[in-house]
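The data block below is work.csv; it holds CSV, C-alpha atoms.
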chain,number,residue,atom,x,y,z
A,57,MET,CA,107.2,122.3,89.4
A,58,ARG,CA,103.6,121.6,88.4
A,59,ALA,CA,104.4,121.7,84.7
A,60,LEU,CA,107.2,119.1,85.3
A,61,GLN,CA,104.7,116.9,87.1
A,62,THR,CA,102.3,117.1,84.3
A,63,VAL,CA,104.9,116.4,81.6
A,64,THR,CA,106.3,113.5,83.6
A,65,LEU,CA,102.8,111.9,84.0
A,66,LEU,CA,102.0,112.5,80.3
A,67,VAL,CA,105.2,111.0,79.0
A,68,ALA,CA,105.0,108.0,81.4
A,69,MET,CA,101.4,107.5,80.3
A,70,LEU,CA,102.3,107.6,76.6
A,71,GLY,CA,105.1,105.0,77.2
A,72,ALA,CA,102.7,102.8,79.1
A,73,GLY,CA,100.1,103.2,76.3
A,74,LEU,CA,102.6,102.3,73.6
A,75,MET,CA,103.7,99.2,75.4
A,76,ALA,CA,100.1,98.2,76.1
A,77,GLY,CA,99.2,98.7,72.5
A,78,LEU,CA,102.2,96.7,71.2
A,79,PHE,CA,101.6,93.8,73.5
A,80,ALA,CA,97.9,93.8,72.8
A,81,ALA,CA,98.5,93.9,69.1
A,82,PHE,CA,100.6,90.7,69.5
A,83,ALA,CA,97.8,89.1,71.4
A,84,TYR,CA,95.0,89.9,69.0
A,85,ALA,CA,96.7,90.0,65.6
A,86,VAL,CA,100.4,88.9,65.4
A,87,MET,CA,100.3,85.7,67.3
A,88,PRO,CA,96.9,84.5,65.9
A,89,GLY,CA,98.2,85.2,62.4
A,90,LEU,CA,101.5,83.4,63.0
A,91,ALA,CA,99.6,80.5,64.6
A,92,ARG,CA,98.3,79.7,61.1
A,93,SER,CA,101.9,79.3,59.9
A,94,ALA,CA,104.0,76.2,59.4
A,95,ASP,CA,106.4,75.4,62.3
A,96,ARG,CA,109.5,76.5,60.5
A,97,THR,CA,107.9,79.7,59.3
A,98,PHE,CA,106.6,80.5,62.7
A,99,VAL,CA,109.9,80.0,64.4
A,100,GLN,CA,111.8,82.0,61.8
A,101,ALA,CA,109.2,84.8,61.9
A,102,MET,CA,109.5,85.1,65.7
A,103,GLN,CA,113.2,85.0,65.5
A,104,ASN,CA,113.2,87.9,63.1
A,105,ILE,CA,110.7,89.9,65.1
A,106,ASN,CA,112.6,89.3,68.3
A,107,ARG,CA,115.9,90.5,66.7
A,108,ALA,CA,114.2,93.5,65.0
A,109,ILE,CA,112.4,94.8,68.0
A,110,ILE,CA,115.5,95.5,70.0
A,111,ASN,CA,115.9,99.1,68.9
A,112,GLY,CA,115.5,102.6,70.3
A,113,TRP,CA,111.9,102.9,69.1
A,114,PHE,CA,111.0,100.0,71.4
A,115,LEU,CA,113.5,100.5,74.2
A,116,LEU,CA,112.7,104.2,74.8
A,117,PRO,CA,108.9,103.7,75.6
A,118,PHE,CA,109.6,100.4,77.3
A,119,LEU,CA,112.3,101.7,79.7
A,120,LEU,CA,111.4,105.4,80.1
A,121,PRO,CA,108.2,105.1,82.1
A,122,ILE,CA,110.0,103.5,85.1
A,123,PRO,CA,112.2,106.5,86.0
A,124,LEU,CA,109.4,108.9,85.0
A,125,LEU,CA,107.0,107.1,87.3
A,126,LEU,CA,109.5,107.3,90.1
A,127,LEU,CA,110.0,111.0,89.5
A,128,ALA,CA,106.2,111.6,89.3
A,129,ALA,CA,105.8,109.8,92.6
A,130,VAL,CA,108.5,112.0,94.2
A,131,LEU,CA,107.0,115.2,92.7
A,132,ALA,CA,103.5,114.2,93.8
A,133,TRP,CA,104.8,113.5,97.3
A,134,ASN,CA,106.6,116.8,97.6
A,135,GLY,CA,104.4,119.0,95.5
A,136,HIS,CA,101.0,119.6,94.0
A,137,GLY,CA,98.6,116.9,93.1
A,138,ARG,CA,99.3,114.6,96.1
A,139,VAL,CA,95.8,113.2,95.6
A,140,ALA,CA,97.3,111.4,92.5
A,141,LEU,CA,100.1,109.7,94.4
A,142,PRO,CA,98.4,106.4,95.2
A,143,TRP,CA,97.4,106.1,91.6
A,144,ILE,CA,101.0,106.9,90.4
A,145,LEU,CA,102.3,104.3,92.8
A,146,ALA,CA,99.7,101.8,91.6
A,147,ALA,CA,100.8,102.5,88.0
A,148,LEU,CA,104.4,102.1,88.9
A,149,VAL,CA,103.7,98.7,90.5
A,150,LEU,CA,101.7,97.5,87.5
A,151,TYR,CA,104.3,98.7,85.1
A,152,LEU,CA,107.1,97.1,87.0
A,153,VAL,CA,105.3,93.8,87.3
A,154,GLY,CA,104.7,93.9,83.5
A,155,PHE,CA,108.4,94.9,83.0
A,156,PHE,CA,109.5,91.9,85.0
A,157,VAL,CA,107.1,89.6,83.2
A,158,THR,CA,108.8,90.7,79.9
A,159,SER,CA,112.3,90.3,81.3
A,160,GLY,CA,111.7,87.2,83.3
A,161,ALA,CA,109.4,85.2,81.0
A,162,ASN,CA,109.1,86.6,77.4
A,163,VAL,CA,112.8,87.5,76.9
A,164,PRO,CA,114.1,84.2,78.1
A,165,LEU,CA,111.7,82.4,75.8
A,166,ASN,CA,112.8,84.7,72.9
A,167,ASN,CA,116.4,83.9,73.7
A,168,ALA,CA,115.8,80.2,73.7
A,169,LEU,CA,113.9,80.4,70.4
A,170,ASP,CA,116.7,82.5,68.9
A,171,LYS,CA,119.1,79.6,69.4
A,172,ALA,CA,116.7,77.0,68.0
A,173,ASP,CA,117.7,75.1,65.0
A,174,THR,CA,115.1,75.2,62.3
A,175,GLY,CA,117.0,72.9,60.0
A,176,GLY,CA,114.5,70.1,60.3
A,177,ASP,CA,110.8,69.9,60.6
A,178,ASP,CA,111.0,68.0,63.9
A,179,ARG,CA,113.3,70.6,65.4
A,180,ALA,CA,111.2,73.5,64.3
A,181,GLU,CA,108.1,71.8,65.7
A,182,ALA,CA,109.9,71.2,69.0
A,183,ALA,CA,111.1,74.8,69.2
A,184,ARG,CA,107.6,76.1,68.5
A,185,ALA,CA,106.1,73.8,71.1
A,186,ALA,CA,108.5,74.9,73.7
A,187,PHE,CA,107.8,78.6,72.9
A,188,GLU,CA,104.4,79.4,71.6
A,189,GLY,CA,101.9,78.6,74.4
A,190,ARG,CA,104.0,79.9,77.2
A,191,TRP,CA,105.0,83.1,75.3
A,192,VAL,CA,101.4,83.8,74.3
A,193,THR,CA,100.2,83.4,77.9
A,194,TRP,CA,102.9,85.7,79.4
A,195,ASN,CA,102.2,88.2,76.6
A,196,LEU,CA,98.6,88.3,77.6
A,197,VAL,CA,99.7,88.9,81.2
A,198,ARG,CA,102.0,91.8,80.3
A,199,ALA,CA,99.4,93.3,77.9
A,200,PHE,CA,96.9,93.4,80.7
A,201,LEU,CA,99.4,94.8,83.2
A,202,HIS,CA,100.6,97.6,80.8
A,203,SER,CA,97.0,98.4,79.9
A,204,ALA,CA,96.1,98.6,83.5
A,205,ALA,CA,99.1,100.9,84.2
A,206,PHE,CA,98.0,103.1,81.3
A,207,GLY,CA,94.4,103.4,82.7
A,208,VAL,CA,95.6,104.1,86.2
A,209,LEU,CA,98.0,106.7,84.8
A,210,ALA,CA,95.2,108.4,82.9
A,211,TRP,CA,93.2,108.6,86.2
A,212,ALA,CA,96.3,109.9,88.0
A,213,LEU,CA,96.7,112.6,85.3
A,214,PHE,CA,93.0,113.5,85.7
A,215,LEU,CA,93.3,113.8,89.5
A,216,HIS,CA,96.6,115.8,89.1
A,217,GLY,CA,94.7,118.2,86.8
A,218,THR,CA,91.8,118.6,89.1
A,219,ALA,CA,94.1,119.3,92.0
A,220,ALA,CA,95.3,122.4,90.2
A,221,GLY,CA,92.2,124.3,91.3
A,222,THR,CA,92.6,123.3,95.0
A,223,THR,CA,96.2,124.4,95.5

Could you write out this file's structure as structure tokens?
Amino acid sequence: MRALQTVTLLVAMLGAGLMAGLFAAFAYAVMPGLARSADRTFVQAMQNINRAIINGWFLLPFLLPIPLLLLAAVLAWNGHGRVALPWILAALVLYLVGFFVTSGANVPLNNALDKADTGGDDRAEAARAAFEGRWVTWNLVRAFLHSAAFGVLAWALFLHGTAAGTT
């Protein structure tokens, strides 16, 4: 049972870390780079990125931490390493809030941008104006939330490991 708890925490932490890294990379590199682009280029690049990112390499680390954190919480409640339970629950809340920011803010903005007509400069400029500032803000929020979830999970894993000697 202890090995399952450890693996569950490790894999959940890896997923949270991958998401934190992805969203942070958008915050400090991708979006600042695209900000230097012309409106039509910006819109087309983001449309292409948003279409390309929906794949298993993204979805697995994005979705998997949720059931793993639920399982980790149940295992901690019923088994060893109960000292880590509050931290596992905190990570779950942080991760879920980040997940809902993505699904409730970033994805709808992505979908609206996907439908944008880039045929004219005025339309591309309007599409960008409706998208960029809000998307960047919500991306920063989710980058922070996923980074915090990762950090809290690292602490939970540490506590879980130190509890091994007390059981």

Expressed in Å to a single decimal, how great is the separation between atom CA of A:Trp133 and atom CA of A:Val153?
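Straight-line distance from atom CA of A:Trp133 to atom CA of A:Val153 works out to 22.1 Å.
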
To one decimal in Å, tell me the separation between atom CA of A:Leu74 and atom CA of A:Val197.
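One can read the atom CA of A:Leu74 to atom CA of A:Val197 distance as 15.7 Å.
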
Work out how far apart atom CA of A:Phe187 and atom CA of A:Ile109 are and give it in Å to one decimal.
17.5 Å

If you count all atoms listed in the file, which residues fall within 8 Å of A:Leu209, apart from same-chain ones fewer than 2 positions away, as a ChimeraX atom specification?
/A:65,68-69,143-144,147,205-207,211-213

As a list in words, please: the residues near A:Arg138 (cut-off 10 Å, only C-alpha atoms, same-chain neighbours under 6 positions excluded).
Ala129, Val130, Leu131, Ala132, Ile144, Ala212, Leu215, His216 and Ala219 of chain A

Counting only C-alpha atoms, figure out which residue out of A:Pro117, A:Ile122, A:Leu141, A:Gly77 gets nearest to A:Phe156.
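Distance minimum relative to A:Phe156 lands on A:Ile122.
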
Pick out the closest residue to A:Glu188 from this set: A:Ala210, A:Asp173, A:Pro164, A:Ala91. Count only C-alpha atoms.
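When distances to A:Glu188 are compared using only C-alpha atoms, the smallest one comes from A:Ala91.
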
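Between A:Ser93 and the residues A:Ala108, A:Leu124, A:Glu181, A:Gln61, the shortest atom-to-atom distance, using only C-alpha atoms, involves A:Glu181.
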